[in-house]
Structure formats: structure tokens, C-alpha cells
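Below is target_15.txt, holding compact mmCIF, C-alpha atoms.
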# COMPACT_ATOMS: atom_id res chain seq x y z
CA MET A 1436 -31.17 1.28 -18.01
CA SER A 1437 -28.50 3.76 -17.05
CA ARG A 1438 -25.35 2.91 -15.19
CA THR A 1439 -26.61 4.15 -11.85
CA ASP A 1440 -29.96 2.36 -12.27
CA SER A 1441 -28.23 -0.90 -11.30
CA PRO A 1442 -28.27 -1.32 -7.50
CA ALA A 1443 -24.74 -2.76 -7.50
CA GLY A 1444 -23.50 0.05 -9.70
CA ALA A 1445 -25.14 2.60 -7.44
CA THR A 1446 -23.13 1.64 -4.37
CA ARG A 1447 -19.88 1.75 -6.29
CA PHE A 1448 -20.89 5.07 -7.78
CA VAL A 1449 -21.23 6.48 -4.25
CA ALA A 1450 -17.51 5.98 -3.66
CA LEU A 1451 -16.70 7.67 -6.97
CA VAL A 1452 -18.92 10.65 -6.23
CA CYS A 1453 -17.47 11.09 -2.74
CA ALA A 1454 -13.94 10.88 -4.12
CA LEU A 1455 -14.75 13.57 -6.67
CA ALA A 1456 -16.26 15.74 -3.96
CA LEU A 1457 -13.13 15.34 -1.87
CA ALA A 1458 -10.89 16.16 -4.81
CA ALA A 1459 -12.96 19.23 -5.64
CA ALA A 1460 -12.58 20.50 -2.08
CA LEU A 1461 -8.89 19.80 -1.61
CA VAL A 1462 -7.02 21.78 -4.23
CA PRO A 1463 -8.93 25.06 -4.40
CA GLY A 1464 -9.79 24.80 -0.73
CA ALA A 1465 -6.24 24.69 0.55
CA ALA A 1466 -5.77 28.43 0.24
CA ALA A 1467 -9.13 29.15 1.83
CA ALA A 1468 -8.29 26.82 4.69
CA VAL A 1469 -5.71 29.03 6.35
CA PRO A 1470 -8.14 30.99 8.57
CA PHE A 1471 -9.62 27.75 9.90
CA ALA A 1472 -6.38 25.94 10.69
CA ASN A 1473 -4.82 24.94 13.97
CA GLY A 1474 -7.88 24.65 16.18
CA ALA A 1475 -9.80 27.66 14.90
CA PRO A 1476 -13.48 27.83 15.91
CA ALA A 1477 -16.26 26.51 13.72
CA ALA A 1478 -16.88 28.42 10.53
CA GLU A 1479 -20.08 30.42 10.68
CA ALA A 1480 -21.86 31.00 7.39
CA PRO A 1481 -22.42 34.68 6.56
CA THR A 1482 -25.95 35.94 6.17
CA ASP A 1483 -25.55 37.47 2.72
CA GLY A 1484 -26.34 34.24 0.94
CA GLN A 1485 -22.73 33.51 0.06
CA PHE A 1486 -20.22 31.10 1.50
CA ALA A 1487 -16.62 30.14 0.85
CA ASP A 1488 -17.43 27.21 -1.44
CA GLN A 1489 -14.39 25.20 -0.34
CA THR A 1490 -13.67 24.99 3.37
CA VAL A 1491 -10.96 22.85 4.94
CA GLY A 1492 -10.07 22.14 8.51
CA SER A 1493 -12.87 23.27 10.85
CA ASP A 1494 -16.42 22.43 11.81
CA VAL A 1495 -18.93 24.15 9.52
CA VAL A 1496 -22.29 25.31 10.88
CA VAL A 1497 -25.07 26.93 8.88
CA GLY A 1498 -27.28 28.70 11.40
CA PRO A 1499 -31.09 28.42 11.55
CA ASP A 1500 -31.70 31.80 9.89
CA GLU A 1501 -28.91 31.55 7.32
CA THR A 1502 -29.05 30.79 3.61
CA VAL A 1503 -25.84 29.88 1.80
CA SER A 1504 -24.71 28.58 -1.56
CA ASP A 1505 -23.11 25.22 -2.39
CA LEU A 1506 -20.83 23.78 0.29
CA GLU A 1507 -17.68 21.79 -0.47
CA VAL A 1508 -16.15 20.88 2.87
CA VAL A 1509 -13.26 18.85 4.27
CA SER A 1510 -13.67 19.29 8.00
CA GLY A 1511 -14.54 17.91 11.40
CA ASP A 1512 -18.34 18.13 11.29
CA VAL A 1513 -20.95 19.74 9.05
CA VAL A 1514 -24.26 20.93 10.52
CA VAL A 1515 -26.97 22.56 8.41
CA HIS A 1516 -29.70 24.17 10.50
CA GLY A 1517 -30.57 26.74 7.85
CA THR A 1518 -30.75 26.49 4.05
CA VAL A 1519 -28.16 25.47 1.49
CA GLU A 1520 -29.22 26.48 -2.01
CA GLY A 1521 -27.39 23.84 -4.00
CA ASP A 1522 -25.31 20.82 -3.02
CA VAL A 1523 -23.44 19.76 0.09
CA GLU A 1524 -20.26 17.83 -0.71
CA ALA A 1525 -18.33 16.81 2.38
CA ALA A 1526 -15.52 14.63 3.66
CA ALA A 1527 -16.14 15.02 7.36
CA GLY A 1528 -16.49 13.38 10.74
CA SER A 1529 -20.27 13.73 10.51
CA VAL A 1530 -22.90 15.48 8.39
CA ARG A 1531 -26.23 16.53 9.89
CA VAL A 1532 -29.05 18.32 8.07
CA THR A 1533 -31.89 19.67 10.23
CA GLY A 1534 -32.73 22.47 7.81
CA GLU A 1535 -32.91 22.24 4.01
CA VAL A 1536 -30.52 21.35 1.19
CA THR A 1537 -32.19 22.13 -2.12
CA ASP A 1538 -30.08 19.72 -4.21
CA ASP A 1539 -27.86 16.73 -3.35
CA VAL A 1540 -25.88 15.65 -0.28
CA GLN A 1541 -22.70 13.75 -1.14
CA ALA A 1542 -20.63 12.72 1.84
CA ALA A 1543 -17.78 10.56 3.02
CA ALA A 1544 -18.26 10.67 6.78
CA GLY A 1545 -18.57 8.73 9.98
CA SER A 1546 -22.31 9.37 10.00
CA VAL A 1547 -24.87 11.18 7.85
CA THR A 1548 -28.15 12.27 9.45
CA VAL A 1549 -31.06 13.96 7.67
CA GLU A 1550 -33.68 15.42 9.98
CA GLY A 1551 -34.90 18.13 7.61
CA ARG A 1552 -35.33 18.17 3.85
CA VAL A 1553 -32.98 17.25 0.99
CA GLY A 1554 -34.37 18.11 -2.43
CA GLY A 1555 -32.10 15.75 -4.37
CA THR A 1556 -30.21 12.54 -3.69
CA VAL A 1557 -28.30 11.51 -0.57
CA GLU A 1558 -25.12 9.64 -1.57
CA ALA A 1559 -22.89 8.56 1.27
CA ALA A 1560 -19.95 6.40 2.21
CA ALA A 1561 -20.40 6.33 5.97
CA GLY A 1562 -20.63 4.21 9.06
CA SER A 1563 -24.33 5.00 9.33
CA VAL A 1564 -26.95 6.92 7.35
CA GLU A 1565 -30.23 8.01 8.91
CA VAL A 1566 -33.35 9.66 7.53
CA GLY A 1567 -35.30 10.85 10.57
CA PRO A 1568 -39.07 10.63 11.21
CA ASP A 1569 -39.72 14.23 10.11
CA ALA A 1570 -37.21 14.15 7.22
CA ALA A 1571 -37.91 14.08 3.50
CA VAL A 1572 -35.54 13.19 0.67
CA GLY A 1573 -36.67 14.16 -2.84
CA GLY A 1574 -34.36 11.74 -4.64
CA ASP A 1575 -32.62 8.46 -3.84
CA VAL A 1576 -30.69 7.36 -0.76
CA GLU A 1577 -27.58 5.46 -1.94
CA ALA A 1578 -25.22 4.40 0.81
CA ALA A 1579 -22.11 2.31 1.24
CA ALA A 1580 -22.73 2.12 4.98
CA GLY A 1581 -22.99 -0.27 7.87
CA THR A 1582 -26.61 0.70 8.55
CA VAL A 1583 -29.11 2.75 6.58
CA THR A 1584 -32.10 3.74 8.71
CA VAL A 1585 -35.22 5.30 7.19
CA ALA A 1586 -37.96 6.61 9.44
CA GLY A 1587 -39.16 9.47 7.21
CA THR A 1588 -40.01 9.83 3.50
CA VAL A 1589 -37.83 9.00 0.50
CA ASP A 1590 -39.33 9.82 -2.89
CA GLY A 1591 -36.79 7.70 -4.80
CA ASP A 1592 -34.99 4.41 -4.13
CA VAL A 1593 -33.09 3.25 -1.05
CA THR A 1594 -29.87 1.28 -1.62
CA GLY A 1595 -27.66 0.05 1.23
CA SER A 1596 -24.50 -2.04 1.06
CA GLU A 1597 -25.15 -3.83 4.36
CA THR A 1598 -28.16 -3.40 6.69
CA VAL A 1599 -31.25 -1.42 5.70
CA ARG A 1600 -33.68 -0.61 8.52
CA LEU A 1601 -37.18 0.67 7.70
CA GLU A 1602 -38.85 1.93 10.86
CA ASP A 1603 -42.52 2.35 11.65
CA GLY A 1604 -43.86 5.26 9.60
CA ALA A 1605 -41.15 5.10 6.93
CA THR A 1606 -42.30 5.70 3.35
CA VAL A 1607 -40.22 4.78 0.30
CA HIS A 1608 -41.88 5.62 -3.00
CA GLY A 1609 -39.26 3.73 -5.02
CA ASP A 1610 -37.42 0.42 -4.63
CA VAL A 1611 -35.34 -0.90 -1.74
CA ALA A 1612 -32.14 -2.92 -2.27
CA TYR A 1613 -29.89 -4.21 0.51
CA GLY A 1614 -26.63 -6.14 0.57
CA GLU A 1615 -26.83 -8.18 3.79
CA SER A 1616 -29.95 -7.76 5.93
CA LEU A 1617 -33.29 -5.96 6.07
CA ASP A 1618 -35.14 -4.90 9.23
CA ARG A 1619 -38.62 -3.77 8.18
CA ALA A 1620 -41.26 -2.62 10.64
CA ASP A 1621 -44.91 -3.47 10.01
CA GLY A 1622 -45.76 0.20 9.59
CA ALA A 1623 -43.12 0.84 6.89
CA THR A 1624 -44.37 1.43 3.33
CA VAL A 1625 -42.46 0.56 0.15
CA ASP A 1626 -44.21 1.34 -3.14
CA GLY A 1627 -41.64 -0.48 -5.27
CA THR A 1628 -39.79 -3.78 -4.97
CA VAL A 1629 -37.57 -5.02 -2.14
CA THR A 1630 -34.44 -6.83 -3.32
CA HIS A 1631 -31.63 -8.67 -1.58
CA ASP A 1632 -28.52 -8.15 -3.73
CA GLU A 1633 -25.37 -9.76 -2.32
CA SER A 1634 -23.21 -7.90 -4.86
CA LEU A 1635 -23.92 -4.70 -2.92
CA SER A 1636 -22.06 -5.94 0.16
CA LEU A 1637 -18.32 -5.50 0.68
CA ASP A 1638 -17.91 -9.27 0.45
CA GLY A 1639 -19.50 -9.17 -2.96
CA LEU A 1640 -17.28 -6.33 -4.15
CA GLN A 1641 -13.91 -7.80 -3.22
CA TRP A 1642 -13.82 -10.64 -5.75
CA GLY A 1643 -13.15 -8.74 -8.94
CA ILE A 1644 -13.21 -5.60 -11.05
CA THR A 1645 -16.48 -4.48 -12.60
CA VAL A 1646 -16.40 -3.65 -16.28
CA ASP A 1647 -19.56 -1.60 -15.66
CA ASP A 1648 -17.62 0.83 -13.47
CA LEU A 1649 -15.05 1.38 -16.17
CA GLU A 1650 -17.08 1.56 -19.36
CA ALA A 1651 -20.64 2.49 -18.28
CA LEU A 1652 -22.15 -0.73 -19.67
CA ASP A 1653 -25.79 -1.50 -19.02
CA GLU A 1654 -25.10 -4.83 -17.30
CA LEU A 1655 -22.54 -5.63 -14.62
CA ALA A 1656 -19.76 -8.07 -15.48
CA PHE A 1657 -17.08 -9.33 -13.13
CA LEU A 1658 -13.58 -10.49 -13.86
CA PRO A 1659 -13.25 -13.79 -11.97
CA SER A 1660 -10.79 -13.87 -9.13
CA PRO A 1661 -8.27 -16.15 -10.94
CA VAL A 1662 -8.08 -13.66 -13.81
CA VAL A 1663 -7.44 -10.81 -11.37
CA GLY A 1664 -4.71 -12.91 -9.73
CA LEU A 1665 -3.14 -13.64 -13.12
CA LEU A 1666 -3.13 -9.97 -14.08
CA THR A 1667 -1.62 -9.07 -10.71
CA ALA A 1668 1.14 -11.65 -11.13
CA VAL A 1669 1.95 -10.50 -14.66
CA GLY A 1670 2.12 -6.88 -13.46
CA ALA A 1671 4.39 -7.87 -10.56
CA LEU A 1672 6.70 -9.81 -12.90
CA ALA A 1673 6.96 -6.84 -15.25
CA VAL A 1674 7.70 -4.38 -12.44
CA GLY A 1675 10.13 -6.79 -10.79
CA ALA A 1676 12.04 -7.30 -14.05
CA LEU A 1677 12.27 -3.54 -14.52
CA LEU A 1678 13.62 -3.10 -10.98
CA LEU A 1679 16.26 -5.78 -11.48
CA VAL A 1680 17.43 -4.20 -14.75
CA VAL A 1681 17.41 -0.57 -13.60
CA PHE A 1682 18.63 -1.11 -10.01
CA PRO A 1683 20.80 -4.26 -10.06
CA ASP A 1684 23.18 -3.11 -7.30
CA PHE A 1685 20.38 -1.99 -4.98
CA SER A 1686 18.53 -5.28 -5.54
CA GLY A 1687 21.68 -7.23 -4.70
CA GLU A 1688 22.23 -5.22 -1.53
CA MET A 1689 18.65 -5.94 -0.46
CA VAL A 1690 19.30 -9.65 -0.84
CA GLU A 1691 22.38 -9.32 1.40
CA THR A 1692 20.37 -7.33 3.96
CA VAL A 1693 17.64 -9.96 4.17
CA THR A 1694 20.17 -12.79 4.31
CA ASP A 1695 22.09 -11.18 7.17
CA GLN A 1696 19.17 -9.55 9.04
CA PRO A 1697 15.81 -11.19 8.17
CA GLY A 1698 14.17 -10.37 11.51
CA ARG A 1699 15.42 -6.80 11.52
CA SER A 1700 14.15 -6.34 7.96
CA VAL A 1701 10.60 -7.30 8.97
CA ALA A 1702 10.80 -5.10 12.08
CA ALA A 1703 12.03 -2.16 10.01
CA GLY A 1704 9.17 -2.73 7.55
CA LEU A 1705 6.63 -2.68 10.37
CA ALA A 1706 8.16 0.50 11.80
CA THR A 1707 8.06 2.14 8.37
CA MET A 1708 4.45 1.04 7.84
CA ILE A 1709 3.52 2.81 11.09
CA ALA A 1710 5.80 5.84 10.93
CA VAL A 1711 5.07 7.03 7.40
CA PRO A 1712 1.24 7.18 7.76
CA ALA A 1713 1.71 8.87 11.15
CA ALA A 1714 3.97 11.48 9.55
CA LEU A 1715 1.46 12.03 6.73
CA LEU A 1716 -1.30 12.47 9.30
CA ALA A 1717 0.79 15.06 11.13
CA ILE A 1718 1.30 16.92 7.85
CA ALA A 1719 -2.42 16.76 7.14
CA MET A 1720 -3.18 18.29 10.54
CA THR A 1721 -1.48 21.49 9.40
CA VAL A 1722 -4.32 21.83 6.82
CA ILE A 1723 -2.05 23.72 4.45
CA GLY A 1724 -0.22 20.44 4.00
CA LEU A 1725 -3.41 18.44 3.40
CA PRO A 1726 -2.97 18.09 -0.39
CA LEU A 1727 0.68 17.19 0.20
CA ALA A 1728 -0.39 14.50 2.66
CA PHE A 1729 -2.82 13.00 0.15
CA ALA A 1730 -0.14 13.02 -2.55
CA GLY A 1731 2.33 11.47 -0.11
CA GLY A 1732 -0.21 8.79 0.75
CA ALA A 1733 -0.58 7.89 -2.93
CA VAL A 1734 3.20 7.69 -3.33
CA PHE A 1735 3.53 5.54 -0.20
CA ALA A 1736 0.81 3.19 -1.45
CA LEU A 1737 2.77 2.76 -4.68
CA ALA A 1738 5.99 2.24 -2.69
CA ALA A 1739 4.27 -0.41 -0.57
CA TRP A 1740 3.26 -2.31 -3.71
CA VAL A 1741 6.80 -2.08 -5.10
CA ALA A 1742 8.01 -3.33 -1.71
CA LEU A 1743 5.68 -6.31 -2.06
CA VAL A 1744 7.23 -7.12 -5.45
CA TYR A 1745 10.71 -6.81 -3.96
CA GLY A 1746 9.62 -8.98 -1.04
CA GLU A 1747 8.39 -11.68 -3.41
CA TYR A 1748 11.72 -11.55 -5.20
CA LEU A 1749 13.61 -11.84 -1.91
CA VAL A 1750 11.53 -14.86 -0.89
CA GLY A 1751 12.26 -16.44 -4.27
CA ARG A 1752 16.00 -15.86 -3.80
CA ARG A 1753 15.86 -17.49 -0.39
CA VAL A 1754 13.95 -20.52 -1.68
CA LEU A 1755 16.32 -21.07 -4.59
CA ALA A 1756 19.36 -20.53 -2.35
CA GLU A 1757 18.22 -23.49 -0.25
CA ALA A 1758 18.19 -25.52 -3.46
CA GLY A 1759 21.64 -24.29 -4.43
CA VAL A 1760 20.39 -22.20 -7.36
CA ASP A 1761 21.63 -18.64 -7.94
CA ASP A 1762 19.46 -17.12 -10.67
CA ARG A 1763 17.75 -13.78 -10.06
CA TRP A 1764 15.26 -14.18 -12.92
CA ALA A 1765 14.19 -17.61 -11.73
CA ALA A 1766 13.96 -16.19 -8.20
CA LEU A 1767 11.61 -13.45 -9.41
CA VAL A 1768 9.31 -15.95 -11.11
CA VAL A 1769 9.34 -18.38 -8.18
CA GLY A 1770 8.71 -15.62 -5.64
CA VAL A 1771 5.94 -13.82 -7.51
CA VAL A 1772 4.08 -16.92 -8.71
CA GLY A 1773 4.47 -18.72 -5.39
CA ILE A 1774 3.26 -15.83 -3.25
CA GLU A 1775 0.38 -15.03 -5.61
CA LEU A 1776 -0.80 -18.65 -5.45
CA LEU A 1777 -0.51 -18.83 -1.66
CA ALA A 1778 -2.31 -15.48 -1.39
CA ARG A 1779 -5.47 -17.24 -2.64
CA ILE A 1780 -5.72 -19.09 0.70
CA PRO A 1781 -8.27 -17.29 2.94
CA LEU A 1782 -6.79 -15.38 5.88
CA PHE A 1783 -3.37 -17.07 5.59
CA GLY A 1784 -2.90 -15.48 2.18
CA ASP A 1785 -3.60 -11.99 3.53
CA LEU A 1786 -1.19 -12.45 6.42
CA LEU A 1787 1.49 -13.86 4.12
CA THR A 1788 1.15 -10.99 1.65
CA PHE A 1789 1.38 -8.45 4.46
CA GLY A 1790 4.47 -10.12 5.87
CA VAL A 1791 6.18 -10.25 2.47
CA ALA A 1792 5.40 -6.56 1.92
CA LEU A 1793 6.93 -5.74 5.32
CA LEU A 1794 10.01 -7.76 4.38
CA GLY A 1795 10.50 -5.82 1.15
CA LEU A 1796 9.73 -2.47 2.75
CA GLY A 1797 12.08 -3.05 5.67
CA ALA A 1798 14.92 -4.41 3.52
CA GLY A 1799 14.61 -1.39 1.26
CA ALA A 1800 14.63 1.02 4.20
CA LEU A 1801 17.69 -0.64 5.77
CA THR A 1802 19.54 -0.71 2.45
CA ILE A 1803 18.86 2.98 1.82
CA ALA A 1804 19.96 3.82 5.37
CA ALA A 1805 23.19 1.85 4.92
CA ARG A 1806 23.92 3.62 1.65
CA ARG A 1807 23.44 7.01 3.25
CA ARG A 1808 25.75 6.08 6.12
CA ASP A 1809 28.36 5.17 3.53
CA GLY A 1810 27.92 8.49 1.73
CA ASP A 1811 25.87 7.09 -1.16
CA ASP A 1812 22.67 8.96 -2.01
CA GLY A 1813 21.07 5.71 -3.06
CA THR A 1814 20.78 6.57 -6.75
CA ALA A 1815 24.14 5.37 -8.08
CA GLU A 1816 24.07 2.10 -9.98
CA THR A 1817 26.76 0.23 -11.85
CA PRO A 1818 26.46 1.31 -15.50
CA PRO A 1819 25.97 -1.41 -18.12
CA PRO A 1820 29.08 -2.52 -20.02
CA ASP A 1821 30.06 -0.44 -23.05
CA PRO A 1822 29.03 -2.48 -26.09
CA SER A 1823 31.46 -0.69 -28.43
CA PRO A 1824 34.33 -2.80 -29.84
CA GLY A 1825 36.98 -0.47 -28.42
CA ALA A 1826 35.72 -0.58 -24.87
CA ALA A 1827 38.32 -1.53 -22.32
Could you take the file, read its structure, and then write that structure out as C-alpha cells?
Amino acid sequence: MSRTDSPAGATRFVALVCALALAAALVPGAAAAVPFANGAPAAEAPTDGQFADQTVGSDVVVGPDETVSDLEVVSGDVVVHGTVEGDVEAAAGSVRVTGEVTDDVQAAAGSVTVEGRVGGTVEAAAGSVEVGPDAAVGGDVEAAAGTVTVAGTVDGDVTGSETVRLEDGATVHGDVAYGESLDRADGATVDGTVTHDESLSLDGLQWGITVDDLEALDELAFLPSPVVGLLTAVGALAVGALLLVVFPDFSGEMVETVTDQPGRSVAAGLATMIAVPAALLAIAMTVIGLPLAFAGGAVFALAAWVALVYGEYLVGRRVLAEAGVDDRWAALVVGVVGIELLARIPLFGDLLTFGVALLGLGAGALTIAARRRDGDDGTAETPPPDPSPGAA
């Protein structure tokens, strides 16, 4: 059995495929995106059988009488009325195929609709995926989607993370696997097996890391949630210790900021959490800045995690201060271990973690702002003492 033969592995593989499609479109497509930026009209495919393989920023329409090559698109909507000889890889608002795609459709979109023919597999991370009554898919339909609806013909398997709906007249020559619910009409035909697999649903995916996704093993294996929590805590302790050693002055100033302005720190964290993504979105709207926005998003995600570690440390300092203890290393351990344990509590744990992250993010933002007001660029730290015998 191959990696993608497992229904649970198939849904996870959808996300990987869509991410690769997005990455393939972003970097080489940025230069080609300029003509379609800033509200330009939908891109019309030329009739000479060629197409700009990477297109960013506009709606893409392949006309009824047009035949084009592979499409890699990051855009508003993708509509294929004609023929695509090859694959369609898209990160878009919606993808609709009324004509023919000779190979695969791989999409991260709000909706994916097939009303014509797809020669290969349909792989989608979408709100909804639909195979219409007159549609035919030559391969599998693998979807991380709220609803997968099949009214036409699928020669391979159908895998849906949540609801799979088989309408009257639907024909699936392979197997059907669903994560939450199945709505099957009396007139729907399935030649293979029908399986309810809870591991396909989002609830099933959130409890651990699959070894199968990392090492292409034949059988899925999950790290239990306590192990994931332990690894997270160890990582946070290591990062926190590094921050305290490398930035001792900055860490101390953050403690003072939270002590003097706890409410303002949380408010500043919330404002930062809103303002930075909004700024990244504005950069992305320029299209030319789209790769920069994605890179900035990755950096901000890392910064948010570092802020969580700082927040845990700040909570630990506050707890120990109430007990009359002034030890930064003990504060780091108390904060990280305490928050990680409380984070196991359903709902409350998520809210607590978010609040602690806001605390760290806001305290960091206020401390940096204060340093800049004082003429400090924020990078200066007190150097360690000179260990040489002649040091003054």
C-alpha cells in the first residue's frame, strides 16, 4: 500500500499538494503578475495553445474554443470552458471546470466545481467540492472540504474530510471514505467499499503529528497528545532560555512593562495581532508584493510563537513575585510548564494560550517602542563580564 492509498493520508496529502502548487505559482509568477495587477480585467487565454504558466492577481478564463497548456494560478477565480492540456494548479476564490482538463486539478479555493471532464485526479482544500451530473473524473476525488458532492461519474475513489453527498445518478467505481457524515441517495452507485474514517475529519487531525506524513510509512501512527505537549514545552523552555541569555536587558524591560502596564500590554498585543496581518494583506494586494507578504506572514507566525514563550515567562515572573521569589530561570519553568498544562483544558486552554501570546506580543511591542523613543534601536544589550583576570 502506498502512502496515498490510506484514506487518512490522502486528505493530508491534499494540503501538501495544494501548498506545493501555491509555492510553484508564487515565485516565478510574481514577474508575470504585473500586467494583471491593480484591478486589471480577467486574463484571457490566447488561442495558440500556449498560456503564461504562472498567473497571479486576476481572474483567469479559458474560453470555450480555446486550448491551453498547464495552468498555475494564484487569482480571484479560475474558469475553464475550453481545454487545458495538462494540470490546473490554483490558489483561488473558486475553480470551475465546464470544459476539459486532461490531467489533474489541484486547488486551494473557496469552491471547486467540475461540470465537464477531468482526466486525472481532483485534489482540493476547499469549502465545497462538486462533481456535477454531466461531469466525469478519470481519477480520484480527494478533498479536505466541508462538503463533497458527487452527482456524476468518478472512476477512482472519493475521499472527503467531512460530509460526502452522493446524489441520485452518481457513479463511483472505486471506494468512498468520509470523515463525519454520508448522504447517499438510493440511485447512487458505489462499486467499492464505503468507509467512515474519523481520522479524516479536522477533529481527528488535531490530536497529534502523523509519522506517515513525514516518512512515507505504510501505516499511520500518531504521537499522543501528551507527547506533543511535552515536546512543545521542551521547545519553549529551550527558546526561552536562549532569549534570556541573549537578550537579558530586553527581557528585564518587558517584565517592567507588564508590571507597570498589564492591561495596556494585552491591548497592544491585540492591536499588533490585527494590524500586522492587515498590513501584510495590503502588501499582498499589490501582487508584486505577494511573495513578500507570504514571507512576512511566516516571520510573524514565528514572532507570535516567540511572544507566547515570552508571555509564559512573564506569567511565571508574576506568579513567583507574589510568592516573594525573584529567579528568572524558575519563572521560565513555572510559566512554560504551568501554561502548557492549563492549555490541555478544552476551550479554556485555547483562550488562555491566546491571552498569554497577546501579553508577550504587546509587552514586546511596547518595550521596542519605548527603546526607540529613548534613541535605542532595540539591539543593544549589556555585554557579558570579561572573564580575563585583568578585567576591571
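Of the listed residues A:Ala1668, A:Val1514, A:Leu1617, A:Ile1803, the one whose atoms come nearest to Asp1684 in chain A is A:Ile1803, with distances taken using all atoms listed in the file.
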Neighbouring residues of Glu1558 in chain A were defined as those with any atom within 7 Å, considering all atoms listed in the file; residues of the same chain fewer than 6 positions away were excluded. Please report them as an NGL selection string. :A and (1449 or 1540-1542 or 1576-1578)
May I have the selected residues written with C-alpha atoms, as an mmCIF file, in the frame of the given file?
data_model
loop_
_atom_site.group_PDB
_atom_site.id
_atom_site.type_symbol
_atom_site.label_atom_id
_atom_site.label_comp_id
_atom_site.auth_asym_id
_atom_site.auth_seq_id
_atom_site.Cartn_x
_atom_site.Cartn_y
_atom_site.Cartn_z
ATOM 1 C CA VAL A 1449 -21.230 6.480 -4.250
ATOM 2 C CA VAL A 1540 -25.880 15.650 -0.280
ATOM 3 C CA GLN A 1541 -22.700 13.750 -1.140
ATOM 4 C CA ALA A 1542 -20.630 12.720 1.840
ATOM 5 C CA VAL A 1576 -30.690 7.360 -0.760
ATOM 6 C CA GLU A 1577 -27.580 5.460 -1.940
ATOM 7 C CA ALA A 1578 -25.220 4.400 0.810
#
Which is closest to Leu1715 in chain A among A:Trp1740, A:Phe1789, A:Phe1682, A:Phe1729, if we use only C-alpha atoms? A:Phe1729
What does the distance between CA of Ala1620 in chain A and CA of Ala1580 in chain A come to in Å, to one decimal place? 19.9 Å
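Distances to Ala1543 in chain A were evaluated for A:Val1513, A:Leu1767, A:Ala1714, A:Leu1678 using only C-alpha atoms, and the minimum falls at A:Val1513.
Those residues that approach range 1752-1756 of chain A to within 12 Å, counting all atoms listed in the file, are Ser1686, Gly1687, Met1689, Val1690, Glu1691, Thr1692, Val1693, Thr1694, Asp1695, Pro1697, Tyr1745, Gly1746, Asp1762, Arg1763, Trp1764, Ala1765, Ala1766, Leu1767, Val1768, Val1769, Gly1770, Val1771, Gly1773 and Ile1774 of chain A; same-chain residues fewer than 6 positions away are not listed.
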Might you pull out every residue within 10 Å of Ala1571 in chain A, with only C-alpha atoms counted and same-chain residues fewer than 6 positions away left off, and present them as a PyMOL selection string? chain A and resi 1535+1549-1555+1585-1590+1606
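Among the candidates A:Asp1785, A:Glu1688, A:Asp1500, A:Glu1597, the residue lying nearest to Thr1518 in chain A is A:Asp1500 (atoms considered: all atoms listed in the file).
Candidate residues A:Val1532, A:Leu1716, A:Ala1544, A:Val1744 were compared for distance to Val1519 in chain A, and the nearest is A:Val1532, using only C-alpha atoms.
Going from CA of Leu1635 in chain A over to CA of Val1566 in chain A, you cover 20.1 Å.
Take the candidates A:Gly1573, A:Gly1545, A:Gly1751, A:Gly1799 and check each one against Phe1685 in chain A using only C-alpha atoms; the shortest distance goes to A:Gly1799.
Reported to one decimal place, the separation of CA of Leu1705 in chain A from CA of Leu1737 in chain A is 16.5 Å.
Near Asp1539 in chain A, within 6 Å and counting all atoms listed in the file, sit Asp1522, Gly1555, Thr1556 and Val1557 of chain A; same-chain residues fewer than 6 positions away were not included.
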Neighbouring residues of Ser1596 in chain A were defined as those with any atom within 9 Å, considering only C-alpha atoms; residues of the same chain fewer than 3 positions away were excluded. Please report them as a ChimeraX atom specification. /A:1443,1446,1577-1583,1599,1612-1615,1632-1637
